[in-house]
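Shown next, in structure tokens, is the structure this report addresses.
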Amino acid sequence: MIDLTGGLPLFVLNAISVAKSDYDGSLKRLCADLARSAHTREIAQDLILGRVFDRLPEAVAAVAELLSICDAPLTRQEVKSILRRPEVPTRPSLIALFASW
């Protein structure tokens with residue numbers, strides 16, 4: 001697991017989550033599958049994040065996609081301000097998501 005995740009806590013936690021949902025809790029099977037699919041640590045981390053992202057609700061995935069293009073960190077208030085703009089897709093669900101924080 002450390003070789004595939006670099007021991008980074010976010011990747012380890014997400015790998016455990018993927019193992020629970022997709023591999024009946026078997027980290028050994030997840031690691032074997034990732035090792036077959038990935039030749040580098042970075043690719044394994046991308047695969048883990050890809051699987052986590054694929055399981056996100058649509059509104060959360062839309063927010064993650066929106067935030068992924070930001071070059072600088074944003075405060076919660078800045079994100080809420082962006083999501084209130086009329087051109088943001090699925091605006092009501094995104095606003096509701098951030099309002100619950």
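A note on labels: chains of the structure tokens are A, B, ... as shown, every chain counts residues from 1, and ligands are counted from 1 in their shown order.
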Taking a cut-off of 8 Å and counting only C-alpha atoms, can you build a table that, for each residue of stretch 28-76 of chain A near stretch 15-19 of chain A, reports the nearest atom pair and how far apart they are in Å (one decimal), sorted by chain then residue number, as a Markdown table?
```
| residue | atom | partner | partner_atom | distance |
| --- | --- | --- | --- | --- |
| A:Arg29 | CA | A:Ala19 | CA | 7.9 |
| A:Leu30 | CA | A:Ala19 | CA | 5.9 |
| A:Ile48 | CA | A:Ala15 | CA | 6.0 |
| A:Arg51 | CA | A:Val18 | CA | 7.1 |
| A:Val52 | CA | A:Val18 | CA | 6.8 |
```
File of the preceding selection, C-alpha atoms, as an mmCIF file, in the first residue's frame:
```
data_model
loop_
_atom_site.group_PDB
_atom_site.id
_atom_site.type_symbol
_atom_site.label_atom_id
_atom_site.label_comp_id
_atom_site.auth_asym_id
_atom_site.auth_seq_id
_atom_site.Cartn_x
_atom_site.Cartn_y
_atom_site.Cartn_z
ATOM 1 C CA ARG A 29 -6.822 -7.452 -4.020
ATOM 2 C CA LEU A 30 -6.916 -3.683 -4.557
ATOM 3 C CA ILE A 48 -7.265 5.680 -6.757
ATOM 4 C CA ARG A 51 -12.219 5.578 -8.667
ATOM 5 C CA VAL A 52 -13.124 7.870 -5.780
#
```
Please identify which residues in chain A DSSP calls helix (DSSP H, G or I) from the backbone, and express them as a PyMOL selection string. chain A and resi 2-5+9-22+27-37+41-54+58-68+76-83+91-99
Please produce a file of the residues just selected, as a PDB file, in the first residue's frame, where the atoms kept are C-alpha atoms.
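Just written: result.pdb:
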```pdb
ATOM      1  CA  ILE A   2       2.820   2.426   0.844  1.00  0.00           C
ATOM      2  CA  ASP A   3       4.501   1.840  -2.521  1.00  0.00           C
ATOM      3  CA  LEU A   4       1.254   2.550  -4.377  1.00  0.00           C
ATOM      4  CA  THR A   5       0.130   5.556  -2.344  1.00  0.00           C
ATOM      5  CA  PRO A   9      -2.810   9.917   4.175  1.00  0.00           C
ATOM      6  CA  LEU A  10      -5.415  11.083   1.641  1.00  0.00           C
ATOM      7  CA  PHE A  11      -4.432   8.368  -0.833  1.00  0.00           C
ATOM      8  CA  VAL A  12      -4.309   5.711   1.888  1.00  0.00           C
ATOM      9  CA  LEU A  13      -7.771   6.663   3.179  1.00  0.00           C
ATOM     10  CA  ASN A  14      -9.199   6.750  -0.330  1.00  0.00           C
ATOM     11  CA  ALA A  15      -7.593   3.401  -1.165  1.00  0.00           C
ATOM     12  CA  ILE A  16      -9.213   1.903   1.934  1.00  0.00           C
ATOM     13  CA  SER A  17     -12.556   3.353   0.858  1.00  0.00           C
ATOM     14  CA  VAL A  18     -12.182   1.871  -2.637  1.00  0.00           C
ATOM     15  CA  ALA A  19     -11.178  -1.492  -1.168  1.00  0.00           C
ATOM     16  CA  LYS A  20     -14.268  -1.504   1.063  1.00  0.00           C
ATOM     17  CA  SER A  21     -16.686  -0.649  -1.730  1.00  0.00           C
ATOM     18  CA  ASP A  22     -15.146  -2.407  -4.740  1.00  0.00           C
ATOM     19  CA  LEU A  27      -6.664  -4.231   0.393  1.00  0.00           C
ATOM     20  CA  LYS A  28      -4.569  -7.085  -0.945  1.00  0.00           C
ATOM     21  CA  ARG A  29      -6.822  -7.452  -4.020  1.00  0.00           C
ATOM     22  CA  LEU A  30      -6.916  -3.683  -4.557  1.00  0.00           C
ATOM     23  CA  CYS A  31      -3.121  -3.439  -4.374  1.00  0.00           C
ATOM     24  CA  ALA A  32      -2.695  -6.356  -6.768  1.00  0.00           C
ATOM     25  CA  ASP A  33      -5.129  -4.766  -9.214  1.00  0.00           C
ATOM     26  CA  LEU A  34      -3.416  -1.375  -8.965  1.00  0.00           C
ATOM     27  CA  ALA A  35       0.024  -2.946  -9.333  1.00  0.00           C
ATOM     28  CA  ARG A  36      -1.094  -4.636 -12.558  1.00  0.00           C
ATOM     29  CA  SER A  37      -2.531  -1.367 -13.866  1.00  0.00           C
ATOM     30  CA  ARG A  41       3.273   5.627  -7.882  1.00  0.00           C
ATOM     31  CA  GLU A  42       1.742   8.649  -9.623  1.00  0.00           C
ATOM     32  CA  ILE A  43      -0.349   6.457 -11.916  1.00  0.00           C
ATOM     33  CA  ALA A  44      -1.552   4.374  -8.940  1.00  0.00           C
ATOM     34  CA  GLN A  45      -2.547   7.568  -7.129  1.00  0.00           C
ATOM     35  CA  ASP A  46      -4.405   8.764 -10.242  1.00  0.00           C
ATOM     36  CA  LEU A  47      -6.257   5.439 -10.422  1.00  0.00           C
ATOM     37  CA  ILE A  48      -7.265   5.680  -6.757  1.00  0.00           C
ATOM     38  CA  LEU A  49      -8.511   9.249  -7.168  1.00  0.00           C
ATOM     39  CA  GLY A  50     -10.292   8.341 -10.400  1.00  0.00           C
ATOM     40  CA  ARG A  51     -12.219   5.578  -8.667  1.00  0.00           C
ATOM     41  CA  VAL A  52     -13.124   7.870  -5.780  1.00  0.00           C
ATOM     42  CA  PHE A  53     -14.186  10.641  -8.171  1.00  0.00           C
ATOM     43  CA  ASP A  54     -16.361   8.214 -10.169  1.00  0.00           C
ATOM     44  CA  GLU A  58     -23.070  14.472  -9.550  1.00  0.00           C
ATOM     45  CA  ALA A  59     -23.255  17.814  -7.705  1.00  0.00           C
ATOM     46  CA  VAL A  60     -20.103  17.078  -5.710  1.00  0.00           C
ATOM     47  CA  ALA A  61     -18.253  15.971  -8.853  1.00  0.00           C
ATOM     48  CA  ALA A  62     -19.300  19.205 -10.567  1.00  0.00           C
ATOM     49  CA  VAL A  63     -17.899  21.261  -7.683  1.00  0.00           C
ATOM     50  CA  ALA A  64     -14.680  19.233  -7.687  1.00  0.00           C
ATOM     51  CA  GLU A  65     -14.323  19.775 -11.413  1.00  0.00           C
ATOM     52  CA  LEU A  66     -14.922  23.498 -11.001  1.00  0.00           C
ATOM     53  CA  LEU A  67     -12.403  23.772  -8.167  1.00  0.00           C
ATOM     54  CA  SER A  68      -9.802  21.725 -10.051  1.00  0.00           C
ATOM     55  CA  ARG A  76     -15.418  28.834   1.459  1.00  0.00           C
ATOM     56  CA  GLN A  77     -16.979  32.287   0.989  1.00  0.00           C
ATOM     57  CA  GLU A  78     -15.210  32.718  -2.363  1.00  0.00           C
ATOM     58  CA  VAL A  79     -16.475  29.325  -3.529  1.00  0.00           C
ATOM     59  CA  LYS A  80     -20.020  30.201  -2.462  1.00  0.00           C
ATOM     60  CA  SER A  81     -19.739  33.471  -4.378  1.00  0.00           C
ATOM     61  CA  ILE A  82     -18.628  31.636  -7.530  1.00  0.00           C
ATOM     62  CA  LEU A  83     -21.447  29.120  -7.221  1.00  0.00           C
ATOM     63  CA  ARG A  91     -26.528  26.062  -9.608  1.00  0.00           C
ATOM     64  CA  PRO A  92     -29.253  25.184  -7.033  1.00  0.00           C
ATOM     65  CA  SER A  93     -27.757  21.832  -6.122  1.00  0.00           C
ATOM     66  CA  LEU A  94     -24.246  23.258  -5.873  1.00  0.00           C
ATOM     67  CA  ILE A  95     -25.374  26.148  -3.687  1.00  0.00           C
ATOM     68  CA  ALA A  96     -27.268  23.724  -1.451  1.00  0.00           C
ATOM     69  CA  LEU A  97     -24.184  21.545  -1.176  1.00  0.00           C
ATOM     70  CA  PHE A  98     -21.966  24.417  -0.049  1.00  0.00           C
ATOM     71  CA  ALA A  99     -24.651  25.916   2.186  1.00  0.00           C
TER      72      ALA A  99
END
```
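Take atom CA of A:Ile69 and atom CA of A:Arg85: the distance between them is 16.4 Å.
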